[in-house]
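Peer 1: Input: one structure, supplied below.
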Amino acid sequence: MRGLTKTYPARRGRRRDPAPRPVRASDGIALDVAPGEIFGLLGPNGAGKTTLVRQLTGLLRPDAGSITLLGHDLVRHPRRAARLLAYLGQESTALDELTVALAAETTARLRGLGPQAARAERDAVLEELGLTPLAARPLKRLSGGQRRLACVAAALAGRRPVLVLDEPTAGMDPVARRAVWSAIDRRRTREGTTVVLVTHNVTEAETVLDRVAVLDSGRVIACDTPGGLKGMVGSDVRLDLVWREDPPVHVPEIAALRSGATVSGRRWTLRLPPERARDLVAAVTHGPAFAALDDFTLATPSLEDVYLALGGRGPGLERS
Ligand SMILES: Nc1ncnc2c1ncn2[C@@H]1O[C@H](COP(=O)(O)OP(=O)(O)OP(=O)(O)O)[C@@H](O)[C@H]1O
């Protein structure tokens with residue numbers, strides 16, 4: 001993608017509403033995604049992630065810029081996207097009348113598989129995502145999370161070389177989410193599938209993402225590996241101390257910590273250089289401090305910390 005720009009025009013609402021302004025949802029986006037890469041798009045609500053993937057999938061025409069997918073110019077030939085990639089949008093009412101099995105099988109057929117191969121693909125993908133017990137149920141009679149999982153199954157059926165997934169795990173329970181991340185990872189390892197995905201489940205996605213672009217107000221404000229992005233928030237580690245009841249402030253080491261801690265109920269969160277955190281863990285894991293401690297965790301910065309910092313919701317980070 002090069003110089004991708006999209007502005008939604010201002011639409012007048014009711015007469016008393018304030019005058020609407022046009023929204024520049026993509027503002028000169030340039031990104032390269034390598035074959036076989038799992039590429040994440042992160043950013044706060046309204047950052048322009050869905051607008052970007054809808055342009056990438058040929059569903060929304062950019063005002064300016066170019067998109068080349070596997071050698072095809074998708075701005076000139078948007079319909080070719082449907083032959084090259086599988087897209088999971090945020091809503092999928094088109095499949096609602098079908099059963100889970102038929103949604104997967106039909107999609108596989110539409111993607112060019114013969115009847116027998118499509119049935120085999122259907123069975124494999126339902127099994128992989130733990131959907132076999134729900135195979136005969138229409139999507140409209142499933143819970144929100146189950147329906148989302150069935151839509152993921154349909155997106156995966158038929159093996160496109162590129163998957164574009166907008167919030168694939170939205171509304172799912174932890175077991176389903178894990179099944180989806182494993183299925184995505186398996187496509188990359190076994191079939192070299194390229195995946196572009198939007199997600200707010202950053203901590204989970206971190207295990208599968210090769211590179212991540214952080215979007216804000218239609219622009220790419222950072223793009224790197226998860227490790228590279230984490231380096232941007234510094235080397236400090238996070239120490240969480242959860243006290244059983246009142247913290248033992250009569251212990252001098254604990255009293256000294258209080259001013260630097262973010263206190264939330266029984267939890268104290270401290271951000272410290274690694275050496276200092278090591279000394280502190282030694283101090284709180286014996287004697288009266290340990291007796292008062294319910295739980296503690298020591299963690300390096302997560303992709304979520306990066307996301308919050310870059311999204312302008314956290315302090316102390318320069319935008320690149
Ligand atoms: N059809 C539309 N008409 C006008 N403005 C729109 C339209 N769709 C999106 N927008 C605006 O464009 C901006 C980007 O929206 P977009 O849906 O791409 O964000 P997003 O990053 O996908 O958000 P979320 O995380 O909430 O899904 C927002 O300011 C949004 O209000």
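Residue numbering restarts at 1 in every chain; chains get A, B, ... in the order shown in the structure tokens, and ligands count up from 1 in that same order.
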So which residues are near ligand 1, meaning at most 9 Å away with only C-alpha atoms and all ligand atoms counted, given back as a VMD selection string?

Peer 2: chain A and resid 6 to 11 22 to 26 41 to 54 90 166 to 167 198 to 200 215 to 218

Peer 1: Per DSSP on the backbone, filter region 79-196 of chain A down to the residues in helix (DSSP H, G or I) and report them as a PyMOL selection string.

Peer 2: chain A and resi 79-84+93-95+100-110+115-128+132-134+139-141+144-156+174-191

Peer 1: In region 5-218 of chain A, what's strand (DSSP E or B) per DSSP? Answer as an MDAnalysis selection string?

Peer 2: chainID A and resid 5:8 23:29 38:42 64:66 68:69 72:73 85:88 99 138 162:166 194:198 211:216

Peer 1: Excluding region 255-259 of chain A and residues on its chain fewer than 5 positions from it, collect all residues at most 10 Å away from it, counting only C-alpha atoms, and give them as a list of chain:residue names.

Peer 2: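 After dropping sequence-adjacent residues, the list is A:Pro247, A:Pro248, A:Val249, A:His250, A:Trp268, A:Thr269, A:Leu270, A:Leu280.
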
Peer 1: Could the residues in this selection be saved with C-alpha atoms as a PDB file, in the first residue's frame?

Peer 2:
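Below is the file that was written, part.pdb:
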ATOM      1  CA  PRO A 247      -0.132  -3.295  52.977  1.00  0.00           C
ATOM      2  CA  PRO A 248       2.549  -3.682  55.698  1.00  0.00           C
ATOM      3  CA  VAL A 249       3.669  -0.043  55.636  1.00  0.00           C
ATOM      4  CA  HIS A 250       5.448  -0.552  58.970  1.00  0.00           C
ATOM      5  CA  TRP A 268       0.171  -1.796  43.794  1.00  0.00           C
ATOM      6  CA  THR A 269       1.734  -1.463  40.348  1.00  0.00           C
ATOM      7  CA  LEU A 270       5.320  -0.279  40.018  1.00  0.00           C
ATOM      8  CA  LEU A 280      12.372  -5.610  45.476  1.00  0.00           C
TER       9      LEU A 280
END
